[in-house]
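Trainee: Below is the file target_37.txt, which contains compact mmCIF, C-alpha atoms.
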# COMPACT_ATOMS: atom_id res chain seq x y z
CA MET A 1 0.00 0.00 0.00
CA ALA A 2 1.09 3.53 -0.62
CA THR A 3 1.26 6.19 2.04
CA ASN A 4 -1.84 8.31 2.65
CA THR A 5 -4.09 5.42 1.58
CA LEU A 6 -7.24 4.51 3.45
CA VAL A 7 -8.60 0.98 3.13
CA SER A 8 -12.14 0.14 4.15
CA ALA A 9 -13.19 -3.47 4.47
CA ARG A 10 -16.32 -5.40 5.39
CA ILE A 11 -15.84 -8.72 7.15
CA VAL A 12 -17.95 -11.36 5.47
CA GLU A 13 -16.70 -14.48 7.20
CA HIS A 14 -14.53 -15.11 10.26
CA LYS A 15 -12.74 -18.33 11.16
CA PRO A 16 -11.05 -18.46 14.57
CA ALA A 17 -7.43 -19.57 14.76
CA ALA A 18 -7.03 -23.32 15.12
CA VAL A 19 -4.29 -25.92 15.15
CA ARG A 20 -4.02 -27.52 11.74
CA PRO A 21 -4.24 -31.33 11.60
CA LEU A 22 -0.95 -33.24 11.38
CA ASP A 23 -1.90 -34.83 8.05
CA GLU A 24 -2.24 -31.34 6.56
CA VAL A 25 1.20 -30.10 7.70
CA LYS A 26 3.13 -33.38 7.73
CA ALA A 27 4.96 -32.73 4.43
CA GLN A 28 5.92 -29.19 5.47
CA VAL A 29 7.22 -30.37 8.86
CA ARG A 30 9.23 -33.14 7.20
CA GLN A 31 10.73 -30.68 4.71
CA LEU A 32 11.67 -28.27 7.52
CA VAL A 33 13.33 -31.03 9.58
CA GLU A 34 15.20 -32.35 6.53
CA ARG A 35 16.44 -28.84 5.65
CA ARG A 36 17.65 -28.23 9.22
CA GLU A 37 19.46 -31.56 9.27
CA ALA A 38 21.02 -30.91 5.85
CA VAL A 39 22.24 -27.48 7.02
CA ARG A 40 23.68 -29.02 10.20
CA LEU A 41 25.50 -31.71 8.21
CA ALA A 42 26.77 -29.11 5.71
CA ARG A 43 28.07 -26.95 8.58
CA GLU A 44 29.87 -29.91 10.17
CA ALA A 45 31.42 -30.98 6.86
CA GLY A 46 32.35 -27.37 6.06
CA GLU A 47 33.98 -26.80 9.43
CA ALA A 48 35.97 -30.04 9.04
CA ARG A 49 37.13 -29.01 5.54
CA LEU A 50 37.99 -25.53 6.84
CA ALA A 51 40.15 -27.04 9.59
CA GLU A 52 41.97 -29.14 6.96
CA LEU A 53 42.57 -26.10 4.75
CA ARG A 54 43.94 -24.08 7.65
CA LYS A 55 46.41 -26.89 8.45
CA GLN A 56 47.36 -27.60 4.83
CA PRO A 57 46.31 -24.81 2.38
CA SER A 58 45.15 -25.88 -1.07
CA ASP A 59 43.44 -24.22 -4.05
CA ALA A 60 41.58 -27.40 -4.99
CA GLY A 61 37.83 -27.03 -5.28
CA PHE A 62 37.71 -23.22 -5.31
CA ALA A 63 36.26 -21.09 -8.09
CA PRO A 64 38.59 -18.68 -9.90
CA ALA A 65 39.64 -15.65 -7.85
CA ARG A 66 37.47 -12.53 -8.01
CA SER A 67 37.53 -9.20 -6.24
CA VAL A 68 34.71 -8.44 -3.85
CA SER A 69 33.88 -5.35 -1.84
CA ARG A 70 30.97 -3.99 0.14
CA GLY A 71 29.99 -1.93 -2.89
CA ASN A 72 30.34 -4.88 -5.28
CA PRO A 73 29.72 -8.15 -3.40
CA GLN A 74 29.64 -10.24 -6.62
CA GLY A 75 26.53 -12.13 -5.49
CA LEU A 76 27.91 -13.20 -2.12
CA PRO A 77 25.35 -13.39 0.68
CA PRO A 78 25.74 -10.61 3.30
CA GLY A 79 26.83 -13.04 6.03
CA ALA A 80 29.60 -14.47 3.85
CA LEU A 81 30.76 -11.01 2.80
CA ASN A 82 30.89 -9.90 6.45
CA ALA A 83 32.96 -12.97 7.38
CA ILE A 84 35.39 -12.27 4.52
CA MET A 85 35.73 -8.60 5.45
CA ARG A 86 36.38 -9.46 9.13
CA ALA A 87 39.17 -11.91 8.32
CA PRO A 88 42.68 -10.77 9.30
CA ALA A 89 44.73 -9.84 6.24
CA ASP A 90 48.16 -10.22 7.82
CA LYS A 91 48.66 -13.86 6.80
CA LEU A 92 47.49 -14.85 3.32
CA PRO A 93 46.07 -17.06 1.94
CA ALA A 94 43.40 -17.10 4.60
CA PHE A 95 40.34 -19.33 4.72
CA VAL A 96 36.97 -18.25 6.10
CA GLY A 97 33.86 -20.34 6.62
CA THR A 98 30.32 -19.28 7.36
CA GLU A 99 26.80 -20.66 7.29
CA VAL A 100 24.78 -19.21 4.43
CA ASP A 101 21.19 -18.27 5.30
CA ASN A 102 19.92 -21.77 6.11
CA ALA A 103 21.16 -22.98 2.74
CA GLY A 104 24.54 -24.52 3.50
CA TYR A 105 28.11 -23.63 4.39
CA LEU A 106 30.47 -21.47 2.36
CA ILE A 107 34.28 -21.55 2.51
CA ALA A 108 36.14 -18.62 0.97
CA GLN A 109 39.85 -18.37 0.27
CA ILE A 110 41.30 -14.88 0.61
CA VAL A 111 44.39 -14.57 -1.61
CA ALA A 112 44.96 -10.79 -1.62
CA THR A 113 43.65 -7.59 -0.10
CA LYS A 114 43.85 -4.00 -1.21
CA VAL A 115 42.79 -0.65 0.14
CA GLY A 116 39.61 0.68 -1.43
CA GLU A 117 39.56 3.67 -3.74
CA ALA A 118 38.97 7.12 -2.31
CA VAL A 119 35.38 8.32 -2.40
CA THR A 120 34.67 11.59 -4.16
CA ALA A 121 32.54 14.30 -2.56
CA GLU A 122 29.72 13.61 -5.05
CA GLN A 123 29.73 9.89 -4.25
CA ARG A 124 29.73 10.63 -0.51
CA ASP A 125 26.81 13.08 -0.91
CA ALA A 126 24.85 10.57 -3.01
CA ARG A 127 25.49 7.84 -0.43
CA ASN A 128 24.39 10.18 2.38
CA ARG A 129 21.17 11.00 0.50
CA VAL A 130 20.41 7.29 0.03
CA LEU A 131 21.12 6.59 3.71
CA ALA A 132 18.88 9.50 4.76
CA GLN A 133 16.06 8.14 2.56
CA GLN A 134 16.50 4.66 4.01
CA ALA A 135 16.52 6.04 7.56
CA ALA A 136 13.34 8.03 6.87
CA ALA A 137 11.63 4.95 5.42
CA ALA A 138 12.69 2.89 8.45
CA ASP A 139 11.40 5.60 10.80
CA GLU A 140 8.08 5.59 8.94
CA VAL A 141 7.77 1.81 9.33
CA VAL A 142 8.67 1.96 13.02
CA TYR A 143 6.12 4.75 13.56
CA ALA A 144 3.39 2.77 11.77
CA GLU A 145 4.23 -0.37 13.76
CA GLY A 146 4.10 1.68 16.97
CA LEU A 147 0.64 2.95 16.05
CA LYS A 148 -0.50 -0.59 15.28
CA ALA A 149 0.77 -1.81 18.65
CA ARG A 150 -0.69 1.13 20.59
CA HIS A 151 -4.13 0.74 19.02
CA ASN A 152 -4.06 -3.08 18.98
CA VAL A 153 -4.33 -3.38 15.18
CA LYS A 154 -3.87 -6.81 13.66
CA ILE A 155 -3.68 -7.40 9.92
CA LEU A 156 -4.96 -10.88 9.23
CA LYS A 157 -4.99 -11.06 5.45
CA ALA A 158 -1.58 -11.68 3.90
CA ASP A 159 -2.34 -9.38 0.94
CA PHE A 160 -2.28 -6.37 3.23
CA GLN A 161 0.84 -7.22 5.25
CA LYS A 162 3.59 -6.36 2.76
CA PRO A 163 3.41 -4.27 -0.39
CA THR A 164 4.11 -6.32 -3.51
CA GLY A 165 4.08 -3.65 -6.20
CA LYS A 166 0.60 -4.57 -7.42
CA PRO A 167 -2.60 -3.05 -6.04
CA ALA A 168 -4.15 -4.88 -3.11
CA VAL A 169 -7.67 -4.27 -4.42
CA ASP A 170 -8.84 -5.01 -7.95
CA ASN A 171 -11.05 -1.99 -8.70
CA LYS A 172 -12.56 -3.60 -11.82
CA ALA A 173 -13.99 -6.62 -9.99
CA ALA A 174 -15.53 -4.81 -6.99
CA PRO A 175 -18.49 -2.42 -7.26
CA LYS A 176 -17.62 1.20 -6.61
CA GLY A 177 -17.39 2.00 -2.91
CA GLU A 178 -16.74 -1.58 -1.80
CA ALA A 179 -13.41 -3.24 -1.16
CA LYS A 180 -12.69 -6.89 -1.63
With the file now loaded, output its structure as structure tokens.
Mentor:
Amino acid sequence: MATNTLVSARIVEHKPAAVRPLDEVKAQVRQLVERREAVRLAREAGEARLAELRKQPSDAGFAPARSVSRGNPQGLPPGALNAIMRAPADKLPAFVGTEVDNAGYLIAQIVATKVGEAVTAEQRDARNRVLAQQAAAADEVVYAEGLKARHNVKILKADFQKPTGKPAVDNKAAPKGEAK
């Protein structure tokens, strides 16, 4: 939803919250448990491989070297990039391992480091403007969430919880003055 938008709704049917039957959620529970176990096994295998690499460094199994930075992460997940940037650069090659967003374990080899390029005044001003816009947007969200909490507002329909870029109400299908 956009700002300064008022939504009016009429409740047609209400179903109280209830525990779903096991048969209905069995596949989802199994998938969740399997994913957690796979991530745990990947972490254990990754940590063992990382210990081997730290004892006896090797380039085997790594992709070709590429330069990464905070400004150009080259598709690395934020957690992996943070782990790489925190690694000490005094003894190279260095190996860093980190769990990747419930998807597995990533091992990175750091072969070289360099000091970043100086930022121009225009780039700094542009970055500051973007940060100010992001801070204002975050403040707006926090303010709205505070109002929801203070006035005990609960949004039950998933369509209204997060904006998706498409309108929440199809104006063609509903008669004028009514919301779906």
Trainee: Find the distance between CA of Lys15 (chain A) and CA of Ala158 (chain A) and write it in Å to one decimal.
Mentor: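 Result for CA of Lys15 (chain A) versus CA of Ala158 (chain A): 14.9 Å, one decimal.
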Trainee: Report as a list in words all protein, DNA and RNA residues lying within 9 Å of Ile107 (chain A), evaluated on all atoms listed in the file, omitting residues in the same chain fewer than 5 positions from it.
Mentor: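 Residues near the query, excluding close chain neighbours: Gly46, Glu47, Arg49, Leu50, Phe62, Ala80, Phe95, Val96, Gly97, Thr98 and Glu99 of chain A.
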Trainee: Can you tell me how far CA of Gly104 (chain A) sits from CA of Ala42 (chain A), in Å to one decimal?
Mentor: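 CA of Ala42 (chain A) lies at a distance of 5.6 Å from CA of Gly104 (chain A).
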Trainee: Which distance in Å separates CA of Ala132 (chain A) and CA of Ser67 (chain A), to one decimal?
Mentor: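 Interatomic distance, CA of Ala132 (chain A) to CA of Ser67 (chain A): 28.6 Å.
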Trainee: Nearest to Ala51 (chain A): which of A:Val130, A:Ile84, A:Val19, A:Ala94 is it, counting only C-alpha atoms?
Mentor: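 Closest candidate: A:Ala94.
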Trainee: Could you please fill out region 25-52 of chain A with N, CA and C atoms and send it back as a PDB file, in the coordinates of the input?
Mentor:
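Produced file out-v5.pdb, reproduced below:
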ATOM      1  N   VAL A  25      -0.100 -30.769   7.613  1.00  0.00           N
ATOM      2  CA  VAL A  25       1.200 -30.100   7.700  1.00  0.00           C
ATOM      3  C   VAL A  25       2.374 -31.084   7.724  1.00  0.00           C
ATOM      4  N   LYS A  26       2.092 -32.360   7.612  1.00  0.00           N
ATOM      5  CA  LYS A  26       3.130 -33.380   7.730  1.00  0.00           C
ATOM      6  C   LYS A  26       4.265 -33.176   6.725  1.00  0.00           C
ATOM      7  N   ALA A  27       3.937 -32.912   5.470  1.00  0.00           N
ATOM      8  CA  ALA A  27       4.960 -32.730   4.430  1.00  0.00           C
ATOM      9  C   ALA A  27       5.808 -31.485   4.719  1.00  0.00           C
ATOM     10  N   GLN A  28       5.175 -30.415   5.168  1.00  0.00           N
ATOM     11  CA  GLN A  28       5.920 -29.190   5.470  1.00  0.00           C
ATOM     12  C   GLN A  28       6.854 -29.400   6.663  1.00  0.00           C
ATOM     13  N   VAL A  29       6.395 -30.096   7.679  1.00  0.00           N
ATOM     14  CA  VAL A  29       7.220 -30.370   8.860  1.00  0.00           C
ATOM     15  C   VAL A  29       8.409 -31.239   8.464  1.00  0.00           C
ATOM     16  N   ARG A  30       8.158 -32.254   7.661  1.00  0.00           N
ATOM     17  CA  ARG A  30       9.230 -33.140   7.200  1.00  0.00           C
ATOM     18  C   ARG A  30      10.268 -32.353   6.410  1.00  0.00           C
ATOM     19  N   GLN A  31       9.811 -31.492   5.518  1.00  0.00           N
ATOM     20  CA  GLN A  31      10.730 -30.680   4.710  1.00  0.00           C
ATOM     21  C   GLN A  31      11.560 -29.756   5.603  1.00  0.00           C
ATOM     22  N   LEU A  32      10.953 -29.156   6.603  1.00  0.00           N
ATOM     23  CA  LEU A  32      11.670 -28.270   7.520  1.00  0.00           C
ATOM     24  C   LEU A  32      12.727 -29.037   8.311  1.00  0.00           C
ATOM     25  N   VAL A  33      12.374 -30.211   8.819  1.00  0.00           N
ATOM     26  CA  VAL A  33      13.330 -31.030   9.580  1.00  0.00           C
ATOM     27  C   VAL A  33      14.470 -31.493   8.681  1.00  0.00           C
ATOM     28  N   GLU A  34      14.158 -31.911   7.456  1.00  0.00           N
ATOM     29  CA  GLU A  34      15.200 -32.350   6.530  1.00  0.00           C
ATOM     30  C   GLU A  34      16.150 -31.202   6.190  1.00  0.00           C
ATOM     31  N   ARG A  35      15.604 -29.999   5.969  1.00  0.00           N
ATOM     32  CA  ARG A  35      16.440 -28.840   5.650  1.00  0.00           C
ATOM     33  C   ARG A  35      17.356 -28.510   6.823  1.00  0.00           C
ATOM     34  N   ARG A  36      16.829 -28.513   8.039  1.00  0.00           N
ATOM     35  CA  ARG A  36      17.650 -28.230   9.220  1.00  0.00           C
ATOM     36  C   ARG A  36      18.766 -29.251   9.372  1.00  0.00           C
ATOM     37  N   GLU A  37      18.449 -30.502   9.155  1.00  0.00           N
ATOM     38  CA  GLU A  37      19.460 -31.560   9.270  1.00  0.00           C
ATOM     39  C   GLU A  37      20.507 -31.411   8.175  1.00  0.00           C
ATOM     40  N   ALA A  38      20.067 -31.093   6.957  1.00  0.00           N
ATOM     41  CA  ALA A  38      21.020 -30.910   5.850  1.00  0.00           C
ATOM     42  C   ALA A  38      21.943 -29.724   6.133  1.00  0.00           C
ATOM     43  N   VAL A  39      21.413 -28.644   6.677  1.00  0.00           N
ATOM     44  CA  VAL A  39      22.240 -27.480   7.020  1.00  0.00           C
ATOM     45  C   VAL A  39      23.231 -27.841   8.118  1.00  0.00           C
ATOM     46  N   ARG A  40      22.783 -28.597   9.104  1.00  0.00           N
ATOM     47  CA  ARG A  40      23.680 -29.020  10.200  1.00  0.00           C
ATOM     48  C   ARG A  40      24.812 -29.878   9.657  1.00  0.00           C
ATOM     49  N   LEU A  41      24.471 -30.844   8.793  1.00  0.00           N
ATOM     50  CA  LEU A  41      25.500 -31.710   8.210  1.00  0.00           C
ATOM     51  C   LEU A  41      26.461 -30.913   7.317  1.00  0.00           C
ATOM     52  N   ALA A  42      25.926 -29.959   6.560  1.00  0.00           N
ATOM     53  CA  ALA A  42      26.770 -29.110   5.710  1.00  0.00           C
ATOM     54  C   ALA A  42      27.720 -28.281   6.570  1.00  0.00           C
ATOM     55  N   ARG A  43      27.224 -27.743   7.676  1.00  0.00           N
ATOM     56  CA  ARG A  43      28.070 -26.950   8.580  1.00  0.00           C
ATOM     57  C   ARG A  43      29.184 -27.815   9.159  1.00  0.00           C
ATOM     58  N   GLU A  44      28.850 -29.022   9.606  1.00  0.00           N
ATOM     59  CA  GLU A  44      29.870 -29.910  10.170  1.00  0.00           C
ATOM     60  C   GLU A  44      30.914 -30.279   9.127  1.00  0.00           C
ATOM     61  N   ALA A  45      30.476 -30.627   7.921  1.00  0.00           N
ATOM     62  CA  ALA A  45      31.420 -30.980   6.860  1.00  0.00           C
ATOM     63  C   ALA A  45      32.258 -29.762   6.470  1.00  0.00           C
ATOM     64  N   GLY A  46      31.633 -28.592   6.407  1.00  0.00           N
ATOM     65  CA  GLY A  46      32.350 -27.370   6.060  1.00  0.00           C
ATOM     66  C   GLY A  46      33.384 -27.001   7.095  1.00  0.00           C
ATOM     67  N   GLU A  47      33.032 -27.119   8.370  1.00  0.00           N
ATOM     68  CA  GLU A  47      33.980 -26.800   9.430  1.00  0.00           C
ATOM     69  C   GLU A  47      35.152 -27.783   9.427  1.00  0.00           C
ATOM     70  N   ALA A  48      34.889 -29.051   9.129  1.00  0.00           N
ATOM     71  CA  ALA A  48      35.970 -30.040   9.040  1.00  0.00           C
ATOM     72  C   ALA A  48      36.893 -29.706   7.870  1.00  0.00           C
ATOM     73  N   ARG A  49      36.326 -29.375   6.722  1.00  0.00           N
ATOM     74  CA  ARG A  49      37.130 -29.010   5.540  1.00  0.00           C
ATOM     75  C   ARG A  49      37.915 -27.732   5.809  1.00  0.00           C
ATOM     76  N   LEU A  50      37.312 -26.776   6.500  1.00  0.00           N
ATOM     77  CA  LEU A  50      37.990 -25.530   6.840  1.00  0.00           C
ATOM     78  C   LEU A  50      39.193 -25.790   7.743  1.00  0.00           C
ATOM     79  N   ALA A  51      39.034 -26.682   8.706  1.00  0.00           N
ATOM     80  CA  ALA A  51      40.150 -27.040   9.590  1.00  0.00           C
ATOM     81  C   ALA A  51      41.286 -27.674   8.785  1.00  0.00           C
ATOM     82  N   GLU A  52      40.947 -28.535   7.824  1.00  0.00           N
ATOM     83  CA  GLU A  52      41.970 -29.140   6.960  1.00  0.00           C
ATOM     84  C   GLU A  52      42.703 -28.082   6.150  1.00  0.00           C
TER      85      GLU A  52
END
